Amino acid sequence: MSQSITLPPHRTAGAPPAVREPAHVPVADVVRGGIVEGVHHGSVVVLAADGSVAFQAGDIEAAFYPRSALKPVQAVGLLRAGLPPLDDPSLALVAASHSGEEQHLATARGILAAGDLTEGELRNVPDLPYDPAVRDEWIRRGLEPTRLAQNCSGKHAAMLLTCRTRGWDLDSYLDPGHPLQRELAAAVEDLTGQGIARVTVDGCGAPLFSVSLHGLTRAAARLATAAPGTGEGRVAHAMRTHPEMVSGSRRDVARLVRAVPGLLAKDGFEGVQIAALPDGRAVGVKIADGGDRARMPVTAAALARCGVDPDVLAPFATTPVIGGGAPVGALRAANILTSSAI
């Protein structure tokens with residue numbers, strides 16, 4: 001269900017992207033025993049250091065929902081709205097879809113404590129930890145889903161802390177018309193360079209803003225190239241230096257950030273991924289069917305087009321296809337993505 005919001009009068013963004021059925025194209029092949037068994041469709045954009053589109057496949061201008069890949073932009077919006085200074089691990093958690101490990105829960109508690117807030121004031125949905133091993137341990141111990149364990153609790157804790165600091169109502173902080181959400185919408189429009197096409201509700205309960213894949217990737221590049229003292233630069237530094245807080249100690253995004261010097265990266269549900277280098281080269285990926293297994297091989301191929309060393313990307317470039325307990329093929333990027341780098 002879409003909702004409308006009133007944005008601040010100082011908005012200067014361009015027109016919203018068109019709401020249409022995206023014209024996705026094949027971006028990943030599932031190969032079993034030398035035969036293409038399945039195909040994932042999607043869209044990909046690669047930006048050059050000057051911000052121009054160096055490569056595109058599919059529909060990069062249609063309105064879509066970035067899901068949690070938008071969190072770094074929202075983190076900048078929270079800083080602009082008055083989020084008090086946080087240490088780097090905490091700021092990284094604000095931009096995170098965390099795994100529910102103890103380091104994540106403790107840091108979220110710390111953000112709440114900074115505003116004399118409690119877990120009971122969070123309005124995100126209760127959930128079990130995202131990391132399978134941590135989740136299995138919770139189930140073994142008979143623990144119930146909690147709001148703190150849900151992967152968006154860092155963002156929600158920071159939303160509450162910002163509201164506490166500004167004197168805004170806490171109970172209604174997820175209302176699209178709340179002053180906080182208007183501030184976040186303005187940041188999304190500023191950093192993507194385009195208006196918001198639609199507003200709906202994300203899985204955690206927070207407002208979700210629709211932009212284009214091109215606009216989202218442009219925002220990632222702006223964070224990656226920002227000066228250290230800016231809000232954008234502060235969020236980028238926190239995410240780069242604490243990738244395990246942005247995702248988890250066993251997540252592919254954290255491994256990718258550690259492997260590629262200076263990389264800023266964030267994933268989102270339904271097959272979304274952004275990644276940006278310090279010089280402004282950036283990629284955006286959307287897998288049409290939401291299949292997470294195709295997200296990283298397609299992202300690796302897009303980063304290779306940016307000139308990232310293929311040897312560094314090799315661990316991320318394919319996903320094994322298993323038959324009888326052993327690899328019999330691989331999920332790999334489609335040929336359209338694997339030509340020469342920019």
# chains A, B, ... in the order shown; residues from 1 in each chain; ligands from 1

$ residues_around --residues "region 180-190 of chain A" --least-positions-apart "4" --cutoff "6 Å" --atoms "only C-alpha atoms" --output "list in words"
Leu7, Ala13, Gln74, Gly77, Pro176, Gln194 and Gly195 of chain A

$ residues_around --residues "region 56-58 of chain A" --least-positions-apart "6" --cutoff "9 Å" --atoms "only C-alpha atoms" --output "ChimeraX atom specification"
/A:22-27,41-47,336-337

$ select_by_dssp --residues "region 111-274 of chain A" --states "alpha helix (DSSP H)" --output "number ranges by chain"
A: 111-114, 132-140, 153-166, 179-192, 213-224, 231-241, 243-246, 252-259

$ closest_atom_pairs --of "region 114-156 of chain A" --to "region 229-248 of chain A" --cutoff "10 Å" --atoms "only C-alpha atoms" --output "Markdown table"
| residue | atom | partner | partner_atom | distance |
| --- | --- | --- | --- | --- |
| A:Tyr130 | CA | A:Gly248 | CA | 9.1 |
| A:Asp131 | CA | A:Gly248 | CA | 7.6 |
| A:Asn151 | CA | A:Ser247 | CA | 8.8 |
| A:Gly154 | CA | A:Val246 | CA | 9.6 |

$ atom_distance --atom1 "CA of Arg140 (chain A)" --atom2 "CA of Leu128 (chain A)"
12.0 Å

$ closest_residue --among "A:Arg281, A:Arg32, A:Arg222, A:Lys286" --to "Cys306 (chain A)" --atoms "only C-alpha atoms"
A:Arg281

$ atom_distance --atom1 "CA of Ala197 (chain A)" --atom2 "CA of Leu213 (chain A)"
12.3 Å

$ atom_distance --atom1 "CA of Ser339 (chain A)" --atom2 "CA of Gly262 (chain A)"
24.0 Å

$ closest_residue --among "A:Gly115, A:Gly271, A:Pro320, A:Pro129" --to "Cys152 (chain A)" --atoms "only C-alpha atoms"
A:Pro129

$ closest_residue --among "A:Pro126, A:Gly110, A:Pro17, A:Gly307" --to "Leu148 (chain A)" --atoms "only C-alpha atoms"
A:Pro126

$ closest_residue --among "A:Leu86, A:Ala18, A:Ala301, A:Val272" --to "Asp289 (chain A)" --atoms "only C-alpha atoms"
A:Val272

$ residues_around --residues "region 296-300 of chain A" --least-positions-apart "4" --cutoff "7 Å" --atoms "only C-alpha atoms" --output "PyMOL selection string"
chain A and resi 27-28+285+304+313+316-318+332-333

$ write_last_selection --atoms "C-alpha atoms" --output "mmCIF file, in the first residue's frame"
data_model
loop_
_atom_site.group_PDB
_atom_site.id
_atom_site.type_symbol
_atom_site.label_atom_id
_atom_site.label_comp_id
_atom_site.auth_asym_id
_atom_site.auth_seq_id
_atom_site.Cartn_x
_atom_site.Cartn_y
_atom_site.Cartn_z
ATOM 1 C CA VAL A 27 21.954 -11.025 -15.724
ATOM 2 C CA ALA A 28 22.874 -14.438 -14.248
ATOM 3 C CA VAL A 285 22.296 -4.302 -8.857
ATOM 4 C CA ALA A 304 35.143 -6.048 -12.546
ATOM 5 C CA LEU A 313 36.692 -10.799 -7.005
ATOM 6 C CA PHE A 316 32.484 -13.751 -5.136
ATOM 7 C CA ALA A 317 32.105 -14.341 -8.883
ATOM 8 C CA THR A 318 30.323 -17.710 -8.772
ATOM 9 C CA ARG A 332 27.570 -16.994 -12.767
ATOM 10 C CA ALA A 333 27.011 -13.574 -14.277
#

$ decode --residues "region 144-205 of chain A" --atoms "C-alpha atoms" --output "compact mmCIF listing (two decimals), in the first residue's frame"
# COMPACT_ATOMS: atom_id res chain seq x y z
CA GLU A 144 11.72 -15.65 21.47
CA PRO A 145 11.91 -13.07 18.66
CA THR A 146 12.77 -9.57 19.90
CA ARG A 147 12.86 -6.09 18.40
CA LEU A 148 16.53 -5.77 19.29
CA ALA A 149 17.43 -8.96 17.40
CA GLN A 150 15.62 -7.83 14.25
CA ASN A 151 18.16 -6.76 11.62
CA CYS A 152 17.02 -3.12 11.45
CA SER A 153 17.22 -2.37 15.18
CA GLY A 154 20.28 -0.13 14.80
CA LYS A 155 18.43 2.18 12.43
CA HIS A 156 15.35 2.23 14.64
CA ALA A 157 17.39 2.92 17.77
CA ALA A 158 19.02 5.87 15.99
CA MET A 159 15.63 7.13 14.85
CA LEU A 160 14.44 7.15 18.45
CA LEU A 161 17.64 8.83 19.66
CA THR A 162 17.26 11.55 17.02
CA CYS A 163 13.65 12.13 18.05
CA ARG A 164 14.67 12.31 21.71
CA THR A 165 17.35 14.87 20.84
CA ARG A 166 15.00 17.02 18.76
CA GLY A 167 12.07 16.76 21.16
CA TRP A 168 9.90 14.97 18.60
CA ASP A 169 7.19 12.46 19.47
CA LEU A 170 8.58 8.96 20.00
CA ASP A 171 5.45 6.87 19.59
CA SER A 172 4.76 8.03 16.01
CA TYR A 173 8.32 8.09 14.66
CA LEU A 174 7.41 5.63 11.86
CA ASP A 175 4.55 7.76 10.55
CA PRO A 176 5.53 9.05 7.05
CA GLY A 177 4.34 12.51 8.10
CA HIS A 178 6.52 12.61 11.24
CA PRO A 179 9.20 15.36 11.19
CA LEU A 180 11.92 12.71 11.29
CA GLN A 181 10.60 10.89 8.23
CA ARG A 182 10.24 14.16 6.34
CA GLU A 183 13.90 14.88 7.09
CA LEU A 184 14.92 11.42 5.89
CA ALA A 185 12.88 11.82 2.71
CA ALA A 186 14.65 15.12 2.01
CA ALA A 187 18.04 13.41 2.42
CA VAL A 188 17.02 10.63 0.03
CA GLU A 189 16.00 13.17 -2.59
CA ASP A 190 19.16 15.22 -2.12
CA LEU A 191 21.61 12.31 -2.33
CA THR A 192 19.87 10.44 -5.16
CA GLY A 193 19.23 13.65 -7.10
CA GLN A 194 15.62 12.73 -7.81
CA GLY A 195 12.20 12.94 -6.29
CA ILE A 196 10.64 10.04 -4.43
CA ALA A 197 8.17 8.15 -6.61
CA ARG A 198 6.22 6.30 -3.93
CA VAL A 199 6.31 5.70 -0.19
CA THR A 200 5.32 2.37 1.33
CA VAL A 201 6.23 0.32 4.42
CA ASP A 202 9.44 -1.71 4.64
CA GLY A 203 9.61 -5.12 6.28
CA CYS A 204 10.70 -3.61 9.59
CA GLY A 205 7.78 -1.17 9.63
